[in-house]
Number of protein chains: 4
Amino acid sequence: MSVNSFGRLLRLTTWGESHGVAIGCVLDGCPPGLAIDEAHIQRFLDLRRPGTGPNVSPRQEADAVRILSGVYEGRTTGTPIALMIDNVDARSGDYPRNAPYRPGHADYTYDAKYGLRDPRGGGRASARETAMRVAGGAVARLIIPEVTIKARVVEIGGEPDAGRWDGLLDEARAAGDSLGAVVECIATGVPAGWGAPLYAKLDAELASATMGINAVKGVEIGDGFGAARLKGSENADAMRAGAMFDSNHGGGIAGGISTGQQIVLRVAFKPTSSIRIAVPSIDAAGQEVDAVTKGRHDPCVGIRGAPVVEAMMALVLADHKLLHRGQCG
Amino acid sequence: MSVNSFGRLLRLTTWGESHGVAIGCVLDGCPPGLAIDEAHIQRFLDLRRPGTGPNVSPRQEADAVRILSGVYEGRTTGTPIALMIDNVDARSGDYPRNAPYRPGHADYTYDAKYGLRDPRGGGRASARETAMRVAGGAVARLIIPEVTIKARVVEIGGEPDAGRWDGLLDEARAAGDSLGAVVECIATGVPAGWGAPLYAKLDAELASATMGINAVKGVEIGDGFGAARLKGSENADAMRAGAMFDSNHGGGIAGGISTGQQIVLRVAFKPTSSIRIAVPSIDAAGQEVDAVTKGRHDPCVGIRGAPVVEAMMALVLADHKLLHRGQCG
Amino acid sequence: MSVNSFGRLLRLTTWGESHGVAIGCVLDGCPPGLAIDEAHIQRFLDLRRPGTGPNVSPRQEADAVRILSGVYEGRTTGTPIALMIDNVDARSGDYPRNAPYRPGHADYTYDAKYGLRDPRGGGRASARETAMRVAGGAVARLIIPEVTIKARVVEIGGEPDAGRWDGLLDEARAAGDSLGAVVECIATGVPAGWGAPLYAKLDAELASATMGINAVKGVEIGDGFGAARLKGSENADAMRAGAMFDSNHGGGIAGGISTGQQIVLRVAFKPTSSIRIAVPSIDAAGQEVDAVTKGRHDPCVGIRGAPVVEAMMALVLADHKLLHRGQCG
Amino acid sequence: MSVNSFGRLLRLTTWGESHGVAIGCVLDGCPPGLAIDEAHIQRFLDLRRPGTGPNVSPRQEADAVRILSGVYEGRTTGTPIALMIDNVDARSGDYPRNAPYRPGHADYTYDAKYGLRDPRGGGRASARETAMRVAGGAVARLIIPEVTIKARVVEIGGEPDAGRWDGLLDEARAAGDSLGAVVECIATGVPAGWGAPLYAKLDAELASATMGINAVKGVEIGDGFGAARLKGSENADAMRAGAMFDSNHGGGIAGGISTGQQIVLRVAFKPTSSIRIAVPSIDAAGQEVDAVTKGRHDPCVGIRGAPVVEAMMALVLADHKLLHRGQCG
């Protein structure tokens with residue numbers, strides 16, 4: 001029931017604010033006996049780390065993860081795995097207390113809900129939280145060695161041609177603006193039979209998993225919205241002997257359960273809300289005041305979104321492998 | 001944890017197969033004292049009922065709902081509300097046992113998962129299950145009288161002009177084919193502050209709720225995939241004194257929490273998998289054989305999807321009203 | 001999260017009031033392929049049925065259970081199993097609306113919580129609800145064929161000598177009074193390794209399962225309160241080669257996980273609150289008035305409690321068999 | 001679903017092993033705006049800390065708790081509260097790897113379940129985990145300022161006369177043996193109406209909460225097993241105008257819902273399994289070998305159990321206050 005937890009048998013709980021002492025997570029339900037060390041997790045964290053290129057936030061975070069529990073002599077023990085990353089480069093000064101609500105950000109809604117919030121760097125609503133999803137996903141991958149998961153950006157600012165992305169990003173950065181992106185994630189090696197009707201359909205689980213990522217506003221499985229424009233005869237994934245399919249309009253899921261094909265997911269990231277262009281807004285006192293972000297931010301948060309989408313895919317698939325084994329043996 | 005349940009404080013559990021004795025649901029967590037009767041629920045069921053026009057399945061179902069518990073003298077008591085609809089027009093003969101797997105349907109995946117399935121009319125995977133979502137949603141609406149929810153088809157077969165839909169549907173029916181659709185759902189009257197970071201973001205809850213509906217393969221909040229093609233400065237929903245917004249690109253949700261604007265959701269329904277055009281497939285023995293559906297089916301399941309999307313919106317919002325009241329008083 | 005549900009992977013949700021149309025349950029998560037029919041479930045229901053002896057309530061209930069879903073051609077399909085029993089002998093007239101709150105019963109607390117209640121026969125708080133636990137437990141037993149579960153009354157009115165029980169019950173009935181009872185339940189055949197630290201310890205799960213039964217006010221595992229009076233050296237269950245134990249003070253559970261020994265549970269049922277002896281009370285208007293029960297009631301509800309305790313044991317063990325298989329393969 | 005989590009709306013997840021880097025917890029669902037600091041939590045931790053008297057373990061633990069998230073400028077923010085205590089005095093050397101299974105401890109069952117375990121100091125099964133329950137409970141108390149919770153030892157080694165306890169403990173320590181204890185916990189100020197039928201009855205929640213504490217093997221509400229020995233006329237808690245009660249045999253709970261009286265709970269702690277007296281056992285290789293504990297241990301773990309029982313009471317009541325507010329407004 002915890003709103004900061006995700007998963008059923010394999011359950012990830014995250015905690016921490018962008019500029020607090022640290023961020024962390026607890027992953028419960030992991031099978032025992034899996035070989036694991038911090039380097040394995042760190043490898044995935046490094047892929048999403050800011051400060052590694054011109055088009056991502058220049059914030060310098062070591063993001064060095066520590067395993068605090070659940071592992072003994074290099075193996076998971078079946079007890080909760082606690083992971084933590086200290087916040088070593090948090091500069092609260094960038095975020096004055098009485099700053100205007102940044103349109104599109106959680107500033108206004110957190111205040112509306114809770115009556116107060118941690119304003120430092122977006123607090124709990126910061127994209128920094130996704131580091132713990134990546135860390136949890138790195139562990140989840142160990143549960144599903146038969147599966148390969150690969151996400152990549154397929155569109156930036158509406159442009160599918162990757163050769164034009166650098167130019168678009170340079171323009172956006174120069175203008176103090178930001179761009180949206182679409183990330184595609186493909187899982188190969190998932191056997192037929194994972195997933196579950198009806199409220200735990202793989203489609204629903206993946207949709208929940210990715211729509212909970214900051215800045216995500218759309219998700220598609222297989223042809224997604226494109227399928228709504230096909231005829232049934234065009235959309236049908238014909239089958240052949242050996243449970244082979246002629247096509248994969250369904251994205252590897254039928255009736256909420258994996259078909260044995262590749263699982264194909266697409267996720268829409270909106271452009272970062274934090275931009276240097278002034279936008280009319282109000283402050284906590286209700287006074288009209290322009291919002292202009294001055295802190296360190298990505299011109300395209302979607303670029304760093306790919307490893308996060310991979311992680312959520314891994315968490316969902318590992319969870320459903322365990323669920324399937326539990327119910328169906 | 002039940003995969004046939006949905007919701008947190010307000011929890012819907014559905015049961016039943018298309019051609020079994022009956023279908024039903026249990027809605028737990030409903031506040032006490034709400035005025036309710038069967039006619040209220042029936043009104044919403046009638047909106048999704050097949051057999052009411054040329055473009056929906058001719059199956060004649062009374063779909064008369066009965067309240068079996070949780071209501072006393074016309075008021076909810078706070079105990080579980082059980083609802084049931086008898087299956088009075090179930091013709092199993094339409095579905096021979098050794099029928100080929102219908103591509104796109106759950107036939108193959110259920111067999112792959114469970115080793116057996118109820119083949120009558122799609123069994124548990126039938127769209128008939130959505131009747132209980134509609135019934136549950138009708139109760140949920142009573143919990144949120146301040147909210148108005150309205151869904152409508154905005155696209156059929158890729159065509160946004162409603163004046164052309166009848167023609168497209170006639171063509172599809174004549175050809176034994178089917179069409180996809182896009183449904184848009186808008187909730188008005190939701191106050192700022194409902195929803196919760198991070199894994200229970202309203203975006204994530206609505207995505208899970210609607211992607212669990214049969215035939216849904218995509219979901220968007222606000223501008224959705226369109227937002228991925230905007231610049232940050234274009235996508236920003238500027239604010240004015242009185243917490244008024246200039247635009248609603250975010251679909252009424254920021255940081256997973258409602259902003260007080262309209263909640264805007266769009267859902268993609270694939271074309272019905274059951275078509276009269278032969279599609280290469282296999283049967284349970286693995287033999288190649290064409291699948292040709294002969295039963296009663298909708299040429300466009302999305303048309304009947306609108307009331308279901310409304311119901312899921314109602315369930316999510318009612319649940320989060322209770323959750324918000326629980327945590328924040 | 002539903003307060004009317006129980007279990008993790010195997011999840012029972014019950015609904016219904018004593019004098020409503022019917023009572024029922026949904027059991028979700030059952031493995032597919034198990035042979036089952038209504039007669040199997042009915043056999044267990046008949047064991048708890050009232051009206052079968054002088055010392056249980058004379059209410060005549062056929063309690064004929066129907067399987068409404070989740071079973072096809074005599075096998076479980078892996079989808080939710082809905083069970084229902086019609087209330088054929090409900091006489092609401094026995095329960096006037098403005099009756100005084102029966103001390104010890106839920107009358108007052110339901111009104112305090114919900115502001116209203118279904119007064120007919122105790123409504124949701126009636127022991128009749130336990131019929132659905134028994135029905136669910138009958139299905140759960142099929143999941144754990146390796147386990148034998150047997151509960152029996154070991155004490156009535158504080159008297160362990162069964163030869164004296166009939167006399168005590170006759171006296172209580174003649175006096176319009178009631179007696180408490182202690183039920184012991186033993187599960188044989190549980191392998192070592194089921195259960196889970198820490199909040200899902202078998203001890204905790206069994207305690208929750210049985211303390212949720214009407215009239216239960218105490219529960220012990222193994223020596224229970226007796227263990228609190230032993231020394232560590234006396235309480236130690238010494239082990240021998242072959243994982244054999246010299247004793248079973250721990251009731252077959254150590255660290256929340258089964259040891260491979262018999263699981264031993266004892267449950268205290270208070271005397272029925274519904275007695276024919278007047279007890280000072282108040283009515284819904286707050287007026288002082290004696291409560292005198294006139295309806296049909298058991299002089300010792302614990303007698304019918306044994307099959308219910310067995311059922312809860314079966315539900316817990318089946319759930320943990322699936323959980324263990326899910327996590328540990 | 002996480003087996004290392006407890007609660008519904010207010011959810012505690014704990015992690016950590018006795019001799020790992022640290023132990024910690026995440027408390028999710030806490031209302032925003034509550035004044036809190038580390039000193040408040042530390043005060044309760046100090047009450048359960050070992051090393052504070054002759055009859056508790058001499059292990060020297062500072063047990064200094066740190067708040068890592070969820071609090072900003074001295075107030076809860078409504079986001080997850082992460083708490084951590086570093087393990088500064090962990091001496092792994094006391095626990096050789098191939099030690100015999102300590103009878104009554106989780107050594108054997110963890111190996112049986114997981115195939116491996118962290119042997120240092122009992123690992124996850126150590127009573128050290130209860131520090132995080134106490135920490136979580138300290139936060140929970142802030143949610144229910146109207147309630148006063150007080151637990152005390154009422155029996156040691158079967159002896160209710162506190163004047164004789166020191167002697168008994170001295171004897172047990174001298175003999176290398178241990179004693180059980182009974183703890184009673186009373187909550188005052190709980191209004192009528194908290195709790196919920198049927199599987200979330202306050203009785204069931206409290207039983208689950210306390211039976212999940214290490215070494216607890218029995219739990220009673222109100223008269224508990226004593227009620228099973230009373231007649232219905234003796235056990236009835238007569239009511240008077242003003243919703244006053246003549247007695248409290250029911251322990252402040254009827255039908256699973258609070259009556260407005262004191263909530264009374266009794267919990268049986270078995271004697272510590274770790275004793276210096278040799279007990280026949282086996283090692284991981286299955287060889288017979290005596291188990292003799294040499295580490296630092298309490299002669300009576302129940303003494304330190306009282307603050308833990310208080311904490312669990314606080315967590316249950318705070319959770320149900322929020323649940324009640326959620327459903328019933």
# chains A, B, ... in the order shown; residues from 1 in each chain; ligands from 1
>>> select_by_dssp(residues="region 90-273 of chain A", states="strand (DSSP E or B)", output="ChimeraX atom specification")
/A:148-156,159,179,181-188,195-196,200,216-221,231,239-240,244-245,253-254,257-258,263-269
>>> interface_residues(of="chain A", to="chain C", cutoff="8 Å", atoms="only C-alpha atoms", output="list in words")
Met1, Leu9, Gly29, Cys30, Pro31, Pro32, Gly78, Thr79, Pro197, Leu322, Leu323, His324, Arg325, Gly326, Gln327, Cys328 and Gly329 of chain A
>>> residues_around(residues="Met239 (chain B)", least_positions_apart="6", cutoff="6 Å", atoms="only C-alpha atoms", output="VMD selection string")
(chain A and resid 280 to 281) or (chain B and resid 245)
>>> residues_around(residues="region 282-285 of chain A", least_positions_apart="5", cutoff="12 Å", atoms="only C-alpha atoms", output="number ranges by chain")
A: 96-103, 107-112, 115-117, 119, 290-292; B: 237-245
>>> residues_around(residues="region 36-40 of chain B", least_positions_apart="2", cutoff="12 Å", atoms="only C-alpha atoms", output="ChimeraX atom specification")
/B:30-34,42-47,63-77,81-85,134-143
